Number of protein chains: 2
Amino acid sequence: MRISELADSTGVSVATIKYYVREGLLSPGKKLSERLADYDDQHVRRLRLLRVLRDVGAVPVGALKALVDATQDRTASVHDMFGKACDALRIETTVPVSRGDHTRELADQIVAQAGWTEVRADAPERDHLAGIIEVILDSGLPTDPEGAATYLPLVDAIAAYELGQIDDTQDREAMMEQMVVGQVVLGEFLLCLRRLAHEHHSALRFAGRR
Amino acid sequence: MRISELADSTGVSVATIKYYVREGLLSPGKKLSERLADYDDQHVRRLRLLRVLRDVGAVPVGALKALVDATQDRTASVHDMFGKACDALRIETTVPVSRGDHTRELADQIVAQAGWTEVRADAPERDHLAGIIEVILDSGLPTDPEGAATYLPLVDAIAAYELGQIDDTQDREAMMEQMVVGQVVLGEFLLCLRRLAHEHHSALRFAGRR
DNA sequence: AGTCTAGGATAGTGCTCCTATCCAACAGTG
DNA sequence: CACTGTTGGATAGGAGCACTATCCTAGACT
């Protein structure tokens, strides 16, 4: 398959494909000659994946690169690979770097309380959680921070379900794809459902009120 | 309070404050004279809110404007106001406009199954859900689409809890603020917890595997 | 009286994600 | 074999967003 066919069958422009190749998101086609290369189904798959992540998840190109790199590293275990994927997909929102150890302690406490014993002690996600907690406390949200307890079993059930869906009879790359798409697309799905539920419950409570 | 003091006490630059005023995110200070205006605590609050939404939620400035406008419209009920907030906060990710009615039906079915009877029949969120479902089906995710059933009670519990936290003894604007911050910051909180849970469950399942 | 600052307008910056153009080297076609 | 068209590679250009910097003059403060 030549580059123009690849473009046609994915709906991504030739210029964009070249850009992705330059950025290392897509391997160059197998060179048939100096001026002709061959692309295969792998390229189609990869390109579709990249577009879904960008279109639905607004994943920045740099994060996509990190994802690709993580898949490439064949020395890492599947779990380490997933860990890198999580790190890459945590969109860099600016949460304050926790000004004290207090919120970090709270974060660790939450993880412990949830029973997530396998989370690395130095996972960047823990700091991120601490940052978010700090924002919550600062914002004067009426939410009692201990209310985290409400979330934990629910979130755990969701994550367990999602992980359970992964088909581990396939190869590394396919598993990574499932993990990443699941994280991004099902994340959107989740937030979308949540907004719908908000609308419903808000109606019950505030429908007539001015 | 003059503009420079407002800038100092919120950490937002004077130039940015002027920009926000221009964009209608912040009302101009009360003019004391042709060349001097007075800003008060309301401005500080608003500015802090805007920064949290942008920093944590990466909410685009245009969406912030929509949020402000929704708050301003005093003819709408609290519920309508919340509805507009939801619409504004649905970050415009490009999900395909459902190519058939099939996914839209699935979406409606899910809403019905969840028991969210109060969701408007023409809520844009329904179409968004349909789009996401379409992406899920297209991606060859191993997730059985009926698996939505797993999510519904969990999401419903989360949303009900969050709505329950809103303190309705306060005024419109304060309620809106709680709603919006809750949606954005607690949304981040939720996704962060979910990533942690993913790490835990992935470790249990794939720790040793290459 | 002189310096400083506010407010308003407008232009420019930095970043990201493409998109367009140019080029020489082939490939396929008659 | 000539001709048209496409390719990979390089590089420049452009759109959109969220600011940021500059300029200006009326008025405040000392």
# chains A, B, ... in the order shown; residues from 1 in each chain; ligands from 1
call {"tool": "interface_residues", "arguments": {"of": "chain A", "to": "chain C", "cutoff": "9 Å", "atoms": "only C-alpha atoms (C1' of nucleotides)", "output": "short mmCIF file (atom, residue, chain, number, x, y, z; two decimals) with C-alpha atoms, in the first residue's frame"}}
result
data_model
loop_
_atom_site.label_atom_id
_atom_site.label_comp_id
_atom_site.auth_asym_id
_atom_site.auth_seq_id
_atom_site.Cartn_x
_atom_site.Cartn_y
_atom_site.Cartn_z
CA ALA A 15 0.84 15.62 4.85
CA THR A 16 -0.34 14.57 8.29
CA TYR A 19 4.20 14.62 10.01
CA SER A 33 13.02 1.79 -3.57
CA GLU A 34 14.55 5.16 -2.91
CA ARG A 35 11.30 6.87 -3.71
CA LEU A 36 8.61 4.36 -2.89
CA PRO A 60 -1.36 15.71 22.65
CA VAL A 61 1.07 14.45 20.05
#
call {"tool": "interface_residues", "arguments": {"of": "chain D", "to": "chain B", "cutoff": "7 Å", "atoms": "only C-alpha atoms (C1' of nucleotides)", "output": "NGL selection string"}}
result
:D and (19-20 or 26-27)
call {"tool": "write_last_selection", "arguments": {"atoms": "N, CA and C atoms (P, O5', C5', C4', C3', O3' and C1' of nucleotides)", "output": "mmCIF file, in the first residue's frame"}}
result
data_model
loop_
_atom_site.group_PDB
_atom_site.id
_atom_site.type_symbol
_atom_site.label_atom_id
_atom_site.label_comp_id
_atom_site.auth_asym_id
_atom_site.auth_seq_id
_atom_site.Cartn_x
_atom_site.Cartn_y
_atom_site.Cartn_z
ATOM 1 P P DC D 19 -4.979 31.938 29.688
ATOM 2 O "O5'" DC D 19 -5.027 33.513 29.383
ATOM 3 C "C5'" DC D 19 -3.967 34.407 29.633
ATOM 4 C "C4'" DC D 19 -2.770 34.176 28.736
ATOM 5 C "C3'" DC D 19 -1.667 35.158 29.022
ATOM 6 O "O3'" DC D 19 -0.446 34.448 29.170
ATOM 7 C "C1'" DC D 19 -2.198 35.164 26.700
ATOM 8 P P DT D 20 0.644 35.140 30.146
ATOM 9 O "O5'" DT D 20 1.218 36.345 29.267
ATOM 10 C "C5'" DT D 20 2.231 36.078 28.298
ATOM 11 C "C4'" DT D 20 2.641 37.369 27.622
ATOM 12 C "C3'" DT D 20 2.981 38.536 28.564
ATOM 13 O "O3'" DT D 20 4.229 39.013 28.116
ATOM 14 C "C1'" DT D 20 1.514 39.266 26.890
ATOM 15 P P DA D 26 -5.707 63.353 27.481
ATOM 16 O "O5'" DA D 26 -6.678 62.996 28.699
ATOM 17 C "C5'" DA D 26 -7.673 61.986 28.537
ATOM 18 C "C4'" DA D 26 -8.050 61.457 29.905
ATOM 19 C "C3'" DA D 26 -8.273 62.525 30.968
ATOM 20 O "O3'" DA D 26 -9.351 62.110 31.794
ATOM 21 C "C1'" DA D 26 -6.457 61.122 31.602
ATOM 22 P P DG D 27 -10.025 63.122 32.747
ATOM 23 O "O5'" DG D 27 -9.321 62.732 34.105
ATOM 24 C "C5'" DG D 27 -9.690 61.514 34.724
ATOM 25 C "C4'" DG D 27 -8.560 61.058 35.621
ATOM 26 C "C3'" DG D 27 -8.440 61.830 36.947
ATOM 27 O "O3'" DG D 27 -8.706 60.909 37.985
ATOM 28 C "C1'" DG D 27 -6.328 61.327 35.985
#
call {"tool": "interface_residues", "arguments": {"of": "chain B", "to": "chain A", "cutoff": "6 Å", "atoms": "only C-alpha atoms", "output": "list in words"}}
result
Asp55, Val56, Ser77, Val78, His79, Thr93, Thr94, Val95, Trp116, Glu118, Val119, Thr143, Leu154, Val155, Asp156, Ala159, Gln165, Arg194, Ala197, His198, Glu199, His200, Ser202, Ala203, Phe206, Ala207, Arg209 and Arg210 of chain B
call {"tool": "write_last_selection", "arguments": {"atoms": "N, CA and C atoms", "output": "CSV table (one decimal), in the first residue's frame"}}
result
chain,number,residue,atom,x,y,z
B,55,ASP,N,-6.8,25.9,34.9
B,55,ASP,CA,-5.6,25.1,35.2
B,55,ASP,C,-5.9,23.6,35.4
B,56,VAL,N,-6.9,23.3,36.1
B,56,VAL,CA,-7.2,21.9,36.4
B,56,VAL,C,-8.0,21.3,35.3
B,77,SER,N,-34.3,28.7,35.4
B,77,SER,CA,-34.3,28.0,36.7
B,77,SER,C,-32.9,27.5,37.0
B,78,VAL,N,-32.7,27.1,38.3
B,78,VAL,CA,-31.4,26.6,38.6
B,78,VAL,C,-31.0,25.4,37.8
B,79,HIS,N,-32.0,24.6,37.6
B,79,HIS,CA,-31.8,23.4,36.8
B,79,HIS,C,-31.4,23.7,35.4
B,93,THR,N,-14.8,17.5,22.0
B,93,THR,CA,-13.9,16.5,21.4
B,93,THR,C,-14.7,16.1,20.1
B,94,THR,N,-14.0,15.8,19.1
B,94,THR,CA,-14.6,15.4,17.8
B,94,THR,C,-15.1,14.0,17.9
B,95,VAL,N,-16.3,13.7,18.2
B,95,VAL,CA,-16.8,12.4,18.1
B,95,VAL,C,-17.7,12.5,16.8
B,116,TRP,N,-32.7,7.6,34.2
B,116,TRP,CA,-32.5,9.0,34.2
B,116,TRP,C,-33.6,9.7,33.4
B,118,GLU,N,-35.2,12.3,33.8
B,118,GLU,CA,-35.3,13.8,33.8
B,118,GLU,C,-34.4,14.4,32.7
B,119,VAL,N,-33.7,13.6,32.0
B,119,VAL,CA,-32.8,14.1,31.0
B,119,VAL,C,-33.6,14.5,29.8
B,143,THR,N,-14.8,-4.6,24.9
B,143,THR,CA,-15.9,-4.3,25.8
B,143,THR,C,-17.3,-4.6,25.2
B,154,LEU,N,-23.1,2.6,39.1
B,154,LEU,CA,-21.9,3.2,39.7
B,154,LEU,C,-21.9,4.7,39.4
B,155,VAL,N,-22.1,5.0,38.2
B,155,VAL,CA,-22.1,6.4,37.8
B,155,VAL,C,-23.2,7.2,38.5
B,156,ASP,N,-24.3,6.5,38.5
B,156,ASP,CA,-25.5,7.1,39.2
B,156,ASP,C,-25.2,7.5,40.6
B,159,ALA,N,-22.8,10.5,40.8
B,159,ALA,CA,-23.5,11.8,40.4
B,159,ALA,C,-24.4,12.2,41.6
B,165,GLN,N,-24.1,17.0,47.6
B,165,GLN,CA,-23.1,17.8,48.3
B,165,GLN,C,-23.4,19.3,48.1
B,194,ARG,N,-9.3,6.6,39.1
B,194,ARG,CA,-9.5,5.5,38.2
B,194,ARG,C,-8.1,5.0,37.6
B,197,ALA,N,-6.5,3.0,40.3
B,197,ALA,CA,-7.1,1.7,40.3
B,197,ALA,C,-6.7,0.8,39.2
B,198,HIS,N,-6.6,1.4,38.0
B,198,HIS,CA,-6.1,0.7,36.9
B,198,HIS,C,-4.7,0.1,37.1
B,199,GLU,N,-3.8,1.0,37.7
B,199,GLU,CA,-2.5,0.5,38.0
B,199,GLU,C,-2.5,-0.7,38.9
B,200,HIS,N,-3.3,-0.6,40.0
B,200,HIS,CA,-3.4,-1.7,40.9
B,200,HIS,C,-3.9,-3.0,40.3
B,202,SER,N,-4.0,-3.7,37.1
B,202,SER,CA,-3.1,-4.2,36.1
B,202,SER,C,-1.9,-4.9,36.7
B,203,ALA,N,-1.5,-4.5,37.8
B,203,ALA,CA,-0.4,-5.1,38.5
B,203,ALA,C,-0.8,-6.5,38.9
B,206,PHE,N,-1.0,-8.5,35.5
B,206,PHE,CA,0.1,-8.5,34.5
B,206,PHE,C,1.5,-8.3,35.0
B,207,ALA,N,1.6,-8.3,36.3
B,207,ALA,CA,2.9,-7.9,36.9
B,207,ALA,C,4.1,-8.6,36.3
B,209,ARG,N,4.3,-10.6,33.6
B,209,ARG,CA,4.2,-10.9,32.2
B,209,ARG,C,5.0,-10.0,31.2
B,210,ARG,N,5.7,-10.6,30.3
B,210,ARG,CA,6.4,-9.8,29.3
B,210,ARG,C,5.6,-9.5,28.1
call {"tool": "atom_distance", "arguments": {"atom1": "CA of Lys65 in chain A", "atom2": "CA of Val21 in chain A"}}
result
10.6 Å
call {"tool": "residues_around", "arguments": {"residues": "range 103-106 of chain B", "least_positions_apart": "2", "cutoff": "7 Å", "atoms": "only C-alpha atoms (C1' of nucleotides)", "output": "number ranges by chain"}}
result
B: 98, 100-101, 108-110, 127, 130, 133-134
call {"tool": "atom_distance", "arguments": {"atom1": "CA of Arg51 in chain B", "atom2": "CA of Lys31 in chain B"}}
result
24.3 Å
call {"tool": "atom_distance", "arguments": {"atom1": "CA of Met176 in chain A", "atom2": "CA of Glu23 in chain A"}}
result
19.8 Å
call {"tool": "select_by_dssp", "arguments": {"residues": "range 1-199 of chain A", "states": "strand (DSSP E)", "output": "PDB file with N, CA and C atoms, in the first residue's frame"}}
result
ATOM      1  N   LYS A  30       7.935   0.354   4.585  1.00  0.00           N
ATOM      2  CA  LYS A  30       9.087  -0.448   4.159  1.00  0.00           C
ATOM      3  C   LYS A  30       9.506   0.035   2.774  1.00  0.00           C
ATOM      4  N   LYS A  31      10.762   0.446   2.700  1.00  0.00           N
ATOM      5  CA  LYS A  31      11.208   1.032   1.439  1.00  0.00           C
ATOM      6  C   LYS A  31      11.290  -0.003   0.329  1.00  0.00           C
ATOM      7  N   LEU A  32      10.585   0.246  -0.736  1.00  0.00           N
ATOM      8  CA  LEU A  32      10.670  -0.624  -1.913  1.00  0.00           C
ATOM      9  C   LEU A  32      11.760  -0.100  -2.836  1.00  0.00           C
ATOM     10  N   SER A  33      11.951   1.169  -2.790  1.00  0.00           N
ATOM     11  CA  SER A  33      13.018   1.790  -3.570  1.00  0.00           C
ATOM     12  C   SER A  33      13.290   3.132  -2.909  1.00  0.00           C
ATOM     13  N   LEU A  36       9.904   5.024  -3.015  1.00  0.00           N
ATOM     14  CA  LEU A  36       8.607   4.355  -2.890  1.00  0.00           C
ATOM     15  C   LEU A  36       8.637   3.465  -1.654  1.00  0.00           C
ATOM     16  N   ALA A  37       7.610   3.583  -0.860  1.00  0.00           N
ATOM     17  CA  ALA A  37       7.574   2.758   0.345  1.00  0.00           C
ATOM     18  C   ALA A  37       6.237   2.062   0.455  1.00  0.00           C
ATOM     19  N   ASP A  38       6.223   0.982   1.202  1.00  0.00           N
ATOM     20  CA  ASP A  38       5.030   0.164   1.320  1.00  0.00           C
ATOM     21  C   ASP A  38       4.478   0.212   2.741  1.00  0.00           C
TER      22      ASP A  38
END
call {"tool": "select_by_dssp", "arguments": {"residues": "range 64-191 of chain B", "states": "helix (DSSP H, G or I)", "output": "PyMOL selection string"}}
result
chain B and resi 64-72+78-89+102-114+124-138+145-164+172-191
call {"tool": "write_last_selection", "arguments": {"atoms": "C-alpha atoms", "output": "PDB file, in the first residue's frame"}}
result
ATOM      1  CA  LEU B  64     -15.930  29.942  30.523  1.00  0.00           C
ATOM      2  CA  LYS B  65     -17.823  32.686  28.760  1.00  0.00           C
ATOM      3  CA  ALA B  66     -20.793  30.386  28.222  1.00  0.00           C
ATOM      4  CA  LEU B  67     -20.697  29.523  31.905  1.00  0.00           C
ATOM      5  CA  VAL B  68     -20.700  33.159  32.928  1.00  0.00           C
ATOM      6  CA  ASP B  69     -23.560  33.901  30.559  1.00  0.00           C
ATOM      7  CA  ALA B  70     -25.582  31.016  31.960  1.00  0.00           C
ATOM      8  CA  THR B  71     -25.125  32.367  35.471  1.00  0.00           C
ATOM      9  CA  GLN B  72     -26.177  35.828  34.374  1.00  0.00           C
ATOM     10  CA  VAL B  78     -31.379  26.616  38.648  1.00  0.00           C
ATOM     11  CA  HIS B  79     -31.760  23.377  36.796  1.00  0.00           C
ATOM     12  CA  ASP B  80     -31.676  25.072  33.402  1.00  0.00           C
ATOM     13  CA  MET B  81     -28.602  26.928  34.504  1.00  0.00           C
ATOM     14  CA  PHE B  82     -26.936  23.675  35.449  1.00  0.00           C
ATOM     15  CA  GLY B  83     -27.933  22.221  32.112  1.00  0.00           C
ATOM     16  CA  LYS B  84     -26.215  25.036  30.288  1.00  0.00           C
ATOM     17  CA  ALA B  85     -23.157  24.500  32.453  1.00  0.00           C
ATOM     18  CA  CYS B  86     -23.046  20.849  31.465  1.00  0.00           C
ATOM     19  CA  ASP B  87     -23.291  21.775  27.806  1.00  0.00           C
ATOM     20  CA  ALA B  88     -20.484  24.269  28.134  1.00  0.00           C
ATOM     21  CA  LEU B  89     -18.235  21.869  29.984  1.00  0.00           C
ATOM     22  CA  HIS B 102     -28.662   3.051  15.610  1.00  0.00           C
ATOM     23  CA  THR B 103     -26.158   4.408  18.091  1.00  0.00           C
ATOM     24  CA  ARG B 104     -28.530   7.176  19.048  1.00  0.00           C
ATOM     25  CA  GLU B 105     -31.091   4.526  19.922  1.00  0.00           C
ATOM     26  CA  LEU B 106     -28.513   2.706  21.968  1.00  0.00           C
ATOM     27  CA  ALA B 107     -27.749   5.933  23.765  1.00  0.00           C
ATOM     28  CA  ASP B 108     -31.401   6.579  24.553  1.00  0.00           C
ATOM     29  CA  GLN B 109     -31.718   3.026  25.718  1.00  0.00           C
ATOM     30  CA  ILE B 110     -28.840   3.464  28.125  1.00  0.00           C
ATOM     31  CA  VAL B 111     -30.334   6.622  29.574  1.00  0.00           C
ATOM     32  CA  ALA B 112     -33.652   4.886  29.998  1.00  0.00           C
ATOM     33  CA  GLN B 113     -32.051   1.830  31.543  1.00  0.00           C
ATOM     34  CA  ALA B 114     -30.245   4.028  34.036  1.00  0.00           C
ATOM     35  CA  PRO B 124     -26.956  17.432  23.276  1.00  0.00           C
ATOM     36  CA  GLU B 125     -25.341  15.033  25.669  1.00  0.00           C
ATOM     37  CA  ARG B 126     -27.396  12.215  24.214  1.00  0.00           C
ATOM     38  CA  ASP B 127     -25.852  12.774  20.807  1.00  0.00           C
ATOM     39  CA  HIS B 128     -22.454  12.956  22.351  1.00  0.00           C
ATOM     40  CA  LEU B 129     -23.071   9.637  24.045  1.00  0.00           C
ATOM     41  CA  ALA B 130     -24.163   8.189  20.710  1.00  0.00           C
ATOM     42  CA  GLY B 131     -20.941   9.406  19.144  1.00  0.00           C
ATOM     43  CA  ILE B 132     -18.848   7.815  21.859  1.00  0.00           C
ATOM     44  CA  ILE B 133     -20.712   4.557  21.511  1.00  0.00           C
ATOM     45  CA  GLU B 134     -19.984   4.652  17.823  1.00  0.00           C
ATOM     46  CA  VAL B 135     -16.285   5.087  18.490  1.00  0.00           C
ATOM     47  CA  ILE B 136     -16.360   2.225  20.978  1.00  0.00           C
ATOM     48  CA  LEU B 137     -18.016  -0.067  18.474  1.00  0.00           C
ATOM     49  CA  ASP B 138     -15.636   0.988  15.723  1.00  0.00           C
ATOM     50  CA  PRO B 145     -21.520  -2.595  24.722  1.00  0.00           C
ATOM     51  CA  GLU B 146     -24.192  -4.003  26.963  1.00  0.00           C
ATOM     52  CA  GLY B 147     -21.503  -3.808  29.618  1.00  0.00           C
ATOM     53  CA  ALA B 148     -22.801  -0.281  30.032  1.00  0.00           C
ATOM     54  CA  ALA B 149     -25.039  -1.898  32.584  1.00  0.00           C
ATOM     55  CA  THR B 150     -22.020  -2.251  34.798  1.00  0.00           C
ATOM     56  CA  TYR B 151     -21.373   1.450  34.738  1.00  0.00           C
ATOM     57  CA  LEU B 152     -24.841   2.800  35.245  1.00  0.00           C
ATOM     58  CA  PRO B 153     -25.465   2.186  38.937  1.00  0.00           C
ATOM     59  CA  LEU B 154     -21.909   3.202  39.735  1.00  0.00           C
ATOM     60  CA  VAL B 155     -22.076   6.432  37.796  1.00  0.00           C
ATOM     61  CA  ASP B 156     -25.493   7.148  39.182  1.00  0.00           C
ATOM     62  CA  ALA B 157     -24.187   6.754  42.705  1.00  0.00           C
ATOM     63  CA  ILE B 158     -21.297   9.099  42.002  1.00  0.00           C
ATOM     64  CA  ALA B 159     -23.484  11.759  40.444  1.00  0.00           C
ATOM     65  CA  ALA B 160     -26.105  11.504  43.166  1.00  0.00           C
ATOM     66  CA  TYR B 161     -23.434  11.921  45.803  1.00  0.00           C
ATOM     67  CA  GLU B 162     -21.947  14.937  44.066  1.00  0.00           C
ATOM     68  CA  LEU B 163     -25.274  16.646  43.575  1.00  0.00           C
ATOM     69  CA  GLY B 164     -26.156  15.901  47.163  1.00  0.00           C
ATOM     70  CA  ARG B 172     -27.556  31.171  42.425  1.00  0.00           C
ATOM     71  CA  GLU B 173     -24.030  32.181  41.676  1.00  0.00           C
ATOM     72  CA  ALA B 174     -22.580  30.259  44.589  1.00  0.00           C
ATOM     73  CA  MET B 175     -24.548  27.181  43.614  1.00  0.00           C
ATOM     74  CA  MET B 176     -23.380  27.469  40.060  1.00  0.00           C
ATOM     75  CA  GLU B 177     -19.831  27.737  41.283  1.00  0.00           C
ATOM     76  CA  GLN B 178     -20.208  24.588  43.342  1.00  0.00           C
ATOM     77  CA  MET B 179     -21.748  22.761  40.442  1.00  0.00           C
ATOM     78  CA  VAL B 180     -19.063  23.761  37.982  1.00  0.00           C
ATOM     79  CA  VAL B 181     -16.093  23.217  40.245  1.00  0.00           C
ATOM     80  CA  GLY B 182     -17.603  19.913  41.255  1.00  0.00           C
ATOM     81  CA  GLN B 183     -18.036  18.850  37.690  1.00  0.00           C
ATOM     82  CA  VAL B 184     -14.528  19.812  36.679  1.00  0.00           C
ATOM     83  CA  VAL B 185     -12.376  19.212  39.722  1.00  0.00           C
ATOM     84  CA  LEU B 186     -14.179  16.159  40.978  1.00  0.00           C
ATOM     85  CA  GLY B 187     -14.133  14.872  37.429  1.00  0.00           C
ATOM     86  CA  GLU B 188     -10.352  15.070  37.506  1.00  0.00           C
ATOM     87  CA  PHE B 189     -10.399  13.498  40.928  1.00  0.00           C
ATOM     88  CA  LEU B 190     -12.446  10.650  39.592  1.00  0.00           C
ATOM     89  CA  LEU B 191     -10.227  10.011  36.603  1.00  0.00           C
TER      90      LEU B 191
END
call {"tool": "residues_around", "arguments": {"residues": "Met1 in chain B", "least_positions_apart": "3", "cutoff": "7 Å", "atoms": "only C-alpha atoms (C1' of nucleotides)", "output": "PyMOL selection string"}}
result
chain B and resi 5-6+38-40
call {"tool": "write_last_selection", "arguments": {"atoms": "C-alpha atoms", "output": "tab-separated table (two decimals), in the first residue's frame"}}
result
chain	number	residue	atom	x	y	z
B	5	GLU	CA	-4.03	44.64	43.89
B	6	LEU	CA	-6.50	42.23	42.31
B	38	ASP	CA	-12.63	49.47	42.02
B	39	TYR	CA	-12.59	45.70	42.23
B	40	ASP	CA	-14.04	43.75	45.13
